[in-house]
Structure formats: structure tokens, C-alpha cells
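S.K.: Contents of start-v6.cif (mmCIF, C-alpha atoms) are below:
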data_data
loop_
_atom_site.group_PDB
_atom_site.id
_atom_site.type_symbol
_atom_site.label_atom_id
_atom_site.label_comp_id
_atom_site.auth_asym_id
_atom_site.auth_seq_id
_atom_site.Cartn_x
_atom_site.Cartn_y
_atom_site.Cartn_z
ATOM 1 C CA HIS E 255 -0.527 -6.371 -12.508
ATOM 2 C CA ILE E 256 -2.939 -7.831 -9.973
ATOM 3 C CA SER E 257 -6.067 -5.865 -9.172
ATOM 4 C CA ALA E 258 -9.523 -6.160 -7.648
ATOM 5 C CA LYS E 259 -12.951 -5.113 -8.861
ATOM 6 C CA PHE E 260 -15.636 -4.396 -6.257
ATOM 7 C CA PRO E 261 -18.853 -2.370 -6.392
ATOM 8 C CA ARG E 262 -18.236 0.079 -3.539
ATOM 9 C CA ILE E 263 -15.647 1.298 -1.025
ATOM 10 C CA ALA E 264 -18.143 2.071 1.775
ATOM 11 C CA TRP E 265 -20.122 -1.080 2.699
ATOM 12 C CA ALA E 266 -22.746 0.092 5.205
ATOM 13 C CA GLY E 267 -25.977 -1.874 4.906
ATOM 14 C CA GLN E 268 -24.279 -4.866 3.252
ATOM 15 C CA THR E 269 -23.882 -8.320 4.767
ATOM 16 C CA ASP E 270 -20.949 -9.567 2.648
ATOM 17 C CA PHE E 271 -17.860 -8.080 1.068
ATOM 18 C CA THR E 272 -17.398 -9.253 -2.508
ATOM 19 C CA ALA E 273 -14.564 -8.703 -4.945
ATOM 20 C CA GLU E 274 -13.276 -10.094 -8.223
ATOM 21 C CA ILE E 275 -9.521 -10.666 -8.502
ATOM 22 C CA TRP E 276 -7.870 -10.126 -11.892
ATOM 23 C CA VAL E 277 -4.370 -10.457 -13.329
ATOM 24 C CA ASN E 278 -3.262 -8.470 -16.365
ATOM 25 C CA ASN E 279 -0.113 -9.787 -18.041
ATOM 26 C CA SER E 280 1.527 -7.778 -20.818
ATOM 27 C CA VAL E 281 4.923 -9.526 -20.664
ATOM 28 C CA ASP E 282 6.088 -13.114 -21.194
ATOM 29 C CA SER E 283 4.160 -16.117 -19.895
ATOM 30 C CA ILE E 284 3.941 -16.421 -16.115
ATOM 31 C CA GLU E 285 3.995 -20.008 -14.926
ATOM 32 C CA SER E 286 3.576 -21.774 -11.592
ATOM 33 C CA SER E 287 2.598 -18.552 -9.886
ATOM 34 C CA ARG E 288 0.750 -17.943 -6.635
ATOM 35 C CA VAL E 289 -2.026 -15.496 -5.790
ATOM 36 C CA LEU E 290 -2.568 -14.577 -2.142
ATOM 37 C CA ILE E 291 -5.753 -12.781 -1.072
ATOM 38 C CA GLN E 292 -6.231 -11.336 2.420
ATOM 39 C CA LEU E 293 -8.647 -9.161 4.344
ATOM 40 C CA LEU E 294 -6.967 -7.400 7.288
ATOM 41 C CA ASP E 295 -8.504 -5.276 10.040
ATOM 42 C CA ILE E 296 -7.102 -1.968 11.251
ATOM 43 C CA ASN E 297 -4.771 -3.772 13.693
ATOM 44 C CA GLY E 298 -3.335 -6.015 10.985
ATOM 45 C CA ASN E 299 -5.251 -9.125 12.041
ATOM 46 C CA THR E 300 -6.120 -11.524 9.224
ATOM 47 C CA CYS E 301 -9.903 -11.819 8.838
ATOM 48 C CA TYR E 302 -9.812 -13.861 5.635
ATOM 49 C CA GLU E 303 -7.116 -15.522 3.550
ATOM 50 C CA SER E 304 -7.041 -17.691 0.456
ATOM 51 C CA ILE E 305 -4.142 -18.917 -1.680
ATOM 52 C CA TYR E 306 -4.212 -20.099 -5.286
ATOM 53 C CA ASP E 307 -1.162 -22.032 -6.461
ATOM 54 C CA ASP E 308 0.194 -23.272 -9.805
ATOM 55 C CA LEU E 309 -1.483 -20.539 -11.840
ATOM 56 C CA ASN E 310 -0.342 -19.788 -15.389
ATOM 57 C CA PHE E 311 -0.947 -16.528 -17.247
ATOM 58 C CA ALA E 312 -0.391 -16.216 -20.982
ATOM 59 C CA PRO E 313 1.196 -13.016 -22.374
ATOM 60 C CA ASN E 314 -1.052 -10.120 -23.400
ATOM 61 C CA THR E 315 -4.054 -11.418 -21.495
ATOM 62 C CA THR E 316 -6.358 -10.357 -18.679
ATOM 63 C CA THR E 317 -7.473 -13.274 -16.542
ATOM 64 C CA SER E 318 -10.088 -13.630 -13.823
ATOM 65 C CA VAL E 319 -8.542 -15.500 -10.887
ATOM 66 C CA THR E 320 -11.529 -15.795 -8.549
ATOM 67 C CA GLU E 321 -14.365 -13.969 -6.828
ATOM 68 C CA ILE E 322 -14.450 -13.818 -3.033
ATOM 69 C CA GLN E 323 -17.451 -13.365 -0.758
ATOM 70 C CA VAL E 324 -16.764 -12.781 2.936
ATOM 71 C CA SER E 325 -19.232 -11.953 5.717
ATOM 72 C CA LEU E 326 -18.608 -8.486 7.111
ATOM 73 C CA ASP E 327 -19.358 -9.940 10.547
ATOM 74 C CA ASN E 328 -15.881 -11.478 10.366
ATOM 75 C CA ILE E 329 -14.277 -8.011 10.289
ATOM 76 C CA ALA E 330 -14.285 -6.226 13.653
ATOM 77 C CA SER E 331 -13.014 -2.782 12.585
ATOM 78 C CA ASP E 332 -14.794 -0.074 10.588
ATOM 79 C CA VAL E 333 -11.725 0.216 8.341
ATOM 80 C CA PHE E 334 -10.254 -2.856 6.688
ATOM 81 C CA PHE E 335 -7.893 -3.697 3.829
ATOM 82 C CA LEU E 336 -7.927 -6.000 0.836
ATOM 83 C CA ASN E 337 -4.391 -7.255 0.140
ATOM 84 C CA ILE E 338 -3.589 -9.152 -3.036
ATOM 85 C CA TRP E 339 -0.229 -10.518 -4.183
ATOM 86 C CA LEU E 340 0.977 -12.193 -7.354
ATOM 87 C CA ALA E 341 4.258 -14.071 -7.009
ATOM 88 C CA SER E 342 6.368 -16.472 -9.013
ATOM 89 C CA GLY E 343 9.501 -17.068 -6.982
ATOM 90 C CA GLU E 344 9.376 -13.374 -6.057
ATOM 91 C CA THR E 345 6.622 -10.799 -5.789
ATOM 92 C CA LEU E 346 5.538 -9.666 -9.250
ATOM 93 C CA SER E 347 2.673 -7.400 -8.222
ATOM 94 C CA HIS E 348 0.972 -6.281 -5.021
ATOM 95 C CA ASN E 349 -2.111 -4.175 -4.411
ATOM 96 C CA ARG E 350 -3.756 -2.930 -1.214
ATOM 97 C CA TYR E 351 -7.196 -1.340 -1.016
ATOM 98 C CA SER E 352 -8.590 0.643 1.929
ATOM 99 C CA ILE E 353 -12.268 -0.042 2.595
ATOM 100 C CA THR E 354 -14.827 1.005 5.233
ATOM 101 C CA GLN E 355 -17.956 -0.487 6.741
ATOM 102 C CA GLY E 356 -19.469 2.999 7.072
ATOM 103 C CA THR E 357 -21.806 4.927 4.798
ATOM 104 C CA ASN E 358 -18.842 6.924 3.465
ATOM 105 C CA LEU E 359 -15.064 7.212 3.893
ATOM 106 C CA ARG E 360 -15.230 9.096 7.195
ATOM 107 C CA PRO E 361 -13.939 6.106 9.236
ATOM 108 C CA LEU E 362 -10.574 6.558 7.479
ATOM 109 C CA LEU E 363 -10.271 9.946 9.209
ATOM 110 C CA GLU E 364 -11.030 8.468 12.627
ATOM 111 C CA VAL E 365 -8.365 5.746 12.780
ATOM 112 C CA PRO E 366 -6.288 5.969 16.004
ATOM 113 C CA GLN E 367 -2.812 7.411 15.698
ATOM 114 C CA THR E 368 0.258 5.315 15.055
ATOM 115 C CA GLN E 369 4.002 5.963 14.832
ATOM 116 C CA LEU E 370 6.564 5.535 12.067
ATOM 117 C CA SER E 371 10.218 4.603 12.401
ATOM 118 C CA ILE E 372 12.359 5.827 9.502
ATOM 119 C CA ASN E 373 15.900 4.809 8.624
ATOM 120 C CA ARG E 374 17.698 6.687 5.865
ATOM 121 C CA GLN E 375 20.760 5.795 3.792
ATOM 122 C CA GLN E 376 22.121 8.093 1.075
ATOM 123 C CA SER E 377 24.315 7.653 -1.981
ATOM 124 C CA ASP E 378 25.237 9.750 -5.035
ATOM 125 C CA ASN E 379 21.767 10.278 -6.506
ATOM 126 C CA PHE E 380 19.662 8.115 -4.223
ATOM 127 C CA ASP E 381 17.912 8.127 -0.880
ATOM 128 C CA HIS E 382 17.023 4.705 0.529
ATOM 129 C CA LEU E 383 14.332 4.849 3.216
ATOM 130 C CA THR E 384 13.250 1.985 5.444
ATOM 131 C CA ILE E 385 9.879 2.901 6.925
ATOM 132 C CA THR E 386 8.318 0.757 9.659
ATOM 133 C CA ASN E 387 4.952 1.209 11.302
ATOM 134 C CA VAL E 388 5.875 0.608 14.948
ATOM 135 C CA GLY E 389 2.386 1.381 16.283
ATOM 136 C CA GLU E 390 -0.655 -0.816 16.917
ATOM 137 C CA HIS E 391 -2.856 0.476 14.090
ATOM 138 C CA ALA E 392 -2.412 0.693 10.333
ATOM 139 C CA ALA E 393 -0.627 3.808 9.065
ATOM 140 C CA LEU E 394 -2.861 5.347 6.425
ATOM 141 C CA PHE E 395 -1.562 6.879 3.211
ATOM 142 C CA ILE E 396 2.057 7.554 4.114
ATOM 143 C CA TRP E 397 3.278 10.497 2.079
ATOM 144 C CA LEU E 398 6.926 11.233 1.211
ATOM 145 C CA GLU E 399 7.697 14.770 0.158
ATOM 146 C CA ASP E 400 10.626 16.954 -0.812
ATOM 147 C CA ALA E 401 10.819 19.535 1.999
ATOM 148 C CA HIS E 402 12.344 22.256 -0.197
ATOM 149 C CA SER E 403 10.348 25.274 -1.290
ATOM 150 C CA VAL E 404 8.321 24.741 -4.454
ATOM 151 C CA GLN E 405 10.403 27.525 -6.019
ATOM 152 C CA SER E 406 13.650 25.577 -5.561
ATOM 153 C CA ASN E 407 15.373 23.632 -8.329
ATOM 154 C CA ASN E 408 15.595 20.466 -6.217
ATOM 155 C CA TYR E 409 13.523 17.456 -7.161
ATOM 156 C CA VAL E 410 13.146 13.859 -5.963
ATOM 157 C CA TYR E 411 11.260 11.035 -7.683
ATOM 158 C CA TRP E 412 9.913 8.342 -5.325
ATOM 159 C CA GLU E 413 9.475 4.797 -6.620
ATOM 160 C CA ASP E 414 6.363 4.497 -4.424
ATOM 161 C CA ASN E 415 4.249 6.911 -2.398
ATOM 162 C CA HIS E 416 0.870 7.344 -0.681
ATOM 163 C CA PHE E 417 0.719 3.794 0.710
ATOM 164 C CA CYS E 418 -0.582 2.123 3.876
ATOM 165 C CA LEU E 419 1.455 0.016 6.289
ATOM 166 C CA MET E 420 0.084 -2.559 8.698
ATOM 167 C CA PRO E 421 1.395 -2.622 12.302
ATOM 168 C CA GLN E 422 5.041 -3.777 12.369
ATOM 169 C CA GLU E 423 5.169 -3.816 8.564
ATOM 170 C CA THR E 424 8.203 -2.359 6.765
ATOM 171 C CA ARG E 425 8.517 -0.843 3.309
ATOM 172 C CA HIS E 426 11.793 -0.012 1.521
ATOM 173 C CA ILE E 427 11.485 3.052 -0.714
ATOM 174 C CA THR E 428 14.100 4.568 -3.024
ATOM 175 C CA GLY E 429 14.141 8.228 -3.992
ATOM 176 C CA ILE E 430 16.074 9.494 -7.038
ATOM 177 C CA TRP E 431 17.361 13.067 -6.797
ATOM 178 C CA GLU E 432 17.987 15.418 -9.692
ATOM 179 C CA ASP E 433 21.033 17.707 -9.283
ATOM 180 C CA THR E 434 20.761 17.878 -5.495
ATOM 181 C CA PRO E 435 23.892 17.238 -3.372
ATOM 182 C CA ILE E 436 23.539 14.963 -0.344
ATOM 183 C CA ASP E 437 23.939 17.815 2.160
ATOM 184 C CA ASN E 438 21.021 19.711 0.569
ATOM 185 C CA ARG E 439 18.384 16.985 0.582
ATOM 186 C CA MET E 440 15.393 17.491 2.856
ATOM 187 C CA ILE E 441 12.563 14.988 3.176
ATOM 188 C CA GLN E 442 9.278 14.995 5.065
ATOM 189 C CA VAL E 443 7.252 11.890 5.896
ATOM 190 C CA GLN E 444 3.728 11.761 7.310
ATOM 191 C CA ALA E 445 0.677 9.504 7.434
ATOM 192 C CA TRP E 446 -2.945 10.554 7.883
ATOM 193 C CA ASN E 447 -2.839 9.235 11.436
ATOM 194 C CA THR E 448 0.574 10.349 12.654
ATOM 195 C CA GLU E 449 0.936 13.459 14.798
ATOM 196 C CA GLN E 450 3.104 15.535 12.494
ATOM 197 C CA TRP E 451 5.567 15.536 9.635
ATOM 198 C CA SER E 452 8.845 13.759 10.350
ATOM 199 C CA GLU E 453 11.611 15.785 8.717
ATOM 200 C CA ILE E 454 14.761 13.858 7.920
#
As C-alpha cells, how would this structure be written, given the file I've shared?

M.R.:
Amino acid sequence: HISAKFPRIAWAGQTDFTAEIWVNNSVDSIESSRVLIQLLDINGNTCYESIYDDLNFAPNTTTSVTEIQVSLDNIASDVFFLNIWLASGETLSHNRYSITQGTNLRPLLEVPQTQLSINRQQSDNFDHLTITNVGEHAALFIWLEDAHSVQSNNYVYWEDNHFCLMPQETRHITGIWEDTPIDNRMIQVQAWNTEQWSEI
């Protein structure tokens, strides 16, 4: 698991954004891995990027990778994102943090609207969604929900939920249904800055 430690989410009055990057490894040794660190603005533009290659992580350890310090003058938008990846041949862990340059989190509620494109494929107990942000601004906190009444016996477990997508970014999400036939599955998808729920 790759994660970041930083002192605040709202950075008004500060000159630099700082964060510590950590990797927690509770499995076998990870060798020759890569850590990618990015700061992105609300339009998906890269404001900062650094890459660390040939990193090794012993099992059952927590390791400090680095500490970054980036001038906030380099970030044009009030809302920005810290993206961190750990990979060794394939992505092992990814984390994305939403951050503001305001005095609080209000700028997250003022992000311009965007639009989602959703493709759905179904099988016996699964729903496979391909969700793309086709707009010009980040889609904030996309939420997938079972559209049945809370009193119904239908239930779906999503492998991921409540995530942000950069412009033109795609995420593949699988839902696992419990005792719900294909013709009785109803799903709603919405982000903070989309007009309304998309029911599929």
C-alpha cells in the first residue's frame, strides 16, 4: 500500500505543498519497483512529477520513500490532486488525494461540471463498468449505487467506489451481485460535479 502523509488538506496561506510518501508492505519482498508521484490540476495538467526506480521493499515493513516540496505557485487551480503509484511490472497500489488551496474544502463544491461515459457488460453474478470522464474537468467522487429500494433483497458489492477521474481518464469497475438476476439489476452513477444520476 502506497500512501501520503501531509499536514493539511486546505493550504490557504502556505507557500509550498509538502508531503511524505510511504510504502507499507505486508507480503513478500518487492524488488525493482517504481514509485511515481504527481500533482495534477483540476484539468488534469501535470504540475509536478517525480519517479523513483529500482526500489526494494522488504516484507512486513513500512518504508519512507521521499518527501516532496512543491511551490503552490506552480498549481493554477484551487483544487488539485496528489497521485501516487507503486508498480513492479504492474500496478501494485495507487492512491489519489483531493486537496484545495482555499481555507477549507469549499472549492471542491465549486468545480465546473463534467460528463461521464459509462459502458456496461453483464455476466452471471457480475457487472463490469467502464467509466470515462469525457469532460474537461476532473470528476469528483464518483459514486456507484444499487438503484433498488433499501427494503429490497438485492445487493451489489463494488470493488471500488467514491473515486475521482481526471479528464479523459477511464476506470474499470466490477460489481458482484448477490441473488439478483441480470434483468433485475439497476445501477446509478453520479459524481459531485455531474448534473444528475445516470441510471443504467

S.K.: One number please: atom CA of E:Tyr351 to atom CA of E:Leu336, in Å, one decimal.

M.R.: 5.1 Å

S.K.: For this structure, which residues satisfy the selection - the PyMOL selection byres ((chain E and resi 270-276) around 6) - when it is evaluated on the file as given? I want them as a PyMOL selection string.

M.R.: chain E and resi 256-260+268-269+277+317-326

S.K.: Write the selection just made, keeping C-alpha atoms, as a CSV table (one decimal), keeping the file's coordinate frame?

M.R.:
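The result, stored in selection00.csv:
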chain,number,residue,atom,x,y,z
E,256,ILE,CA,-2.9,-7.8,-10.0
E,257,SER,CA,-6.1,-5.9,-9.2
E,258,ALA,CA,-9.5,-6.2,-7.6
E,259,LYS,CA,-13.0,-5.1,-8.9
E,260,PHE,CA,-15.6,-4.4,-6.3
E,268,GLN,CA,-24.3,-4.9,3.3
E,269,THR,CA,-23.9,-8.3,4.8
E,277,VAL,CA,-4.4,-10.5,-13.3
E,317,THR,CA,-7.5,-13.3,-16.5
E,318,SER,CA,-10.1,-13.6,-13.8
E,319,VAL,CA,-8.5,-15.5,-10.9
E,320,THR,CA,-11.5,-15.8,-8.5
E,321,GLU,CA,-14.4,-14.0,-6.8
E,322,ILE,CA,-14.4,-13.8,-3.0
E,323,GLN,CA,-17.5,-13.4,-0.8
E,324,VAL,CA,-16.8,-12.8,2.9
E,325,SER,CA,-19.2,-12.0,5.7
E,326,LEU,CA,-18.6,-8.5,7.1

S.K.: Run the PyMOL selection byres ((chain E and resi 280-287) around 10) on the file and write out the hits as a list in words.

M.R.: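 So the PyMOL selection byres ((chain E and resi 280-287) around 10), applied here, picks out His255, Val277, Asn278, Asn279, Arg288, Val289, Tyr306, Asp307, Asp308, Leu309, Asn310, Phe311, Ala312, Pro313, Asn314, Thr315, Thr316, Leu340, Ala341, Ser342, Gly343, Glu344, Thr345 and Leu346 of chain E.
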
S.K.: Next, dump the selected residues to file, keeping only C-alpha atoms, as an mmCIF file, in the frame of the given file.

M.R.:
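Output below, filename out.cif:
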data_model
loop_
_atom_site.group_PDB
_atom_site.id
_atom_site.type_symbol
_atom_site.label_atom_id
_atom_site.label_comp_id
_atom_site.auth_asym_id
_atom_site.auth_seq_id
_atom_site.Cartn_x
_atom_site.Cartn_y
_atom_site.Cartn_z
ATOM 1 C CA HIS E 255 -0.527 -6.371 -12.508
ATOM 2 C CA VAL E 277 -4.370 -10.457 -13.329
ATOM 3 C CA ASN E 278 -3.262 -8.470 -16.365
ATOM 4 C CA ASN E 279 -0.113 -9.787 -18.041
ATOM 5 C CA ARG E 288 0.750 -17.943 -6.635
ATOM 6 C CA VAL E 289 -2.026 -15.496 -5.790
ATOM 7 C CA TYR E 306 -4.212 -20.099 -5.286
ATOM 8 C CA ASP E 307 -1.162 -22.032 -6.461
ATOM 9 C CA ASP E 308 0.194 -23.272 -9.805
ATOM 10 C CA LEU E 309 -1.483 -20.539 -11.840
ATOM 11 C CA ASN E 310 -0.342 -19.788 -15.389
ATOM 12 C CA PHE E 311 -0.947 -16.528 -17.247
ATOM 13 C CA ALA E 312 -0.391 -16.216 -20.982
ATOM 14 C CA PRO E 313 1.196 -13.016 -22.374
ATOM 15 C CA ASN E 314 -1.052 -10.120 -23.400
ATOM 16 C CA THR E 315 -4.054 -11.418 -21.495
ATOM 17 C CA THR E 316 -6.358 -10.357 -18.679
ATOM 18 C CA LEU E 340 0.977 -12.193 -7.354
ATOM 19 C CA ALA E 341 4.258 -14.071 -7.009
ATOM 20 C CA SER E 342 6.368 -16.472 -9.013
ATOM 21 C CA GLY E 343 9.501 -17.068 -6.982
ATOM 22 C CA GLU E 344 9.376 -13.374 -6.057
ATOM 23 C CA THR E 345 6.622 -10.799 -5.789
ATOM 24 C CA LEU E 346 5.538 -9.666 -9.250
#

S.K.: Quick check, in Å to one decimal: how far apart do atom CA of E:His391 and atom CA of E:His426 lie?

M.R.: 19.3 Å

S.K.: If you apply the PyMOL selection byres ((chain E and resi 381-389) around 6) to this file, what residues do you get, as an MDAnalysis selection string?

M.R.: chainID E and resid 368:376 380 390:391 421:429

S.K.: Might you pull out every residue within 10 Å of stretch 399-401 of chain E, with only C-alpha atoms counted and same-chain residues fewer than 4 positions away left off, and present them as a PyMOL selection string?

M.R.: chain E and resi 408-412+415+429+431+439-444+451+453-454

S.K.: Work out how far apart atom CA of E:Ile329 and atom CA of E:Leu290 are and give it in Å to one decimal.

M.R.: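 That distance, rounded to one decimal, is 18.3 Å.
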
S.K.: Could you give me, as a list in words, the residues within 10 Å of E:Ala330, counting all atoms listed in the file and dropping anything in the same chain fewer than 3 positions from it?

M.R.: Leu294, Asp295, Ile296, Asn297, Asn299, Cys301, Leu326, Asp327, Val333, Phe334 and Gln355 of chain E

S.K.: Hey, what's within 8 Å of E:Ile436 if we count only C-alpha atoms and toss same-chain stuff fewer than 5 positions away? As a PyMOL selection string, please?

M.R.: chain E and resi 376-379

S.K.: With only C-alpha atoms as the basis for distance, which of E:Glu413, E:Asp332, E:Glu303, E:Asp437 is at the shortest distance from E:Leu363?

M.R.: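 Going through E:Glu413, E:Asp332, E:Glu303, E:Asp437 one by one, the smallest distance to E:Leu363 is for E:Asp332.
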
S.K.: Given 3 Å on each side, where is the centre and what are the edge lengths in Å to one decimal of the axis-aligned box enclosing the listed atoms of stretch 310-320 of chain E, as lines of an AutoDock Vina configuration file?

M.R.:
center_x = -5.2
center_y = -15.0
center_z = -16.0
size_x = 18.7
size_y = 15.7
size_z = 20.9
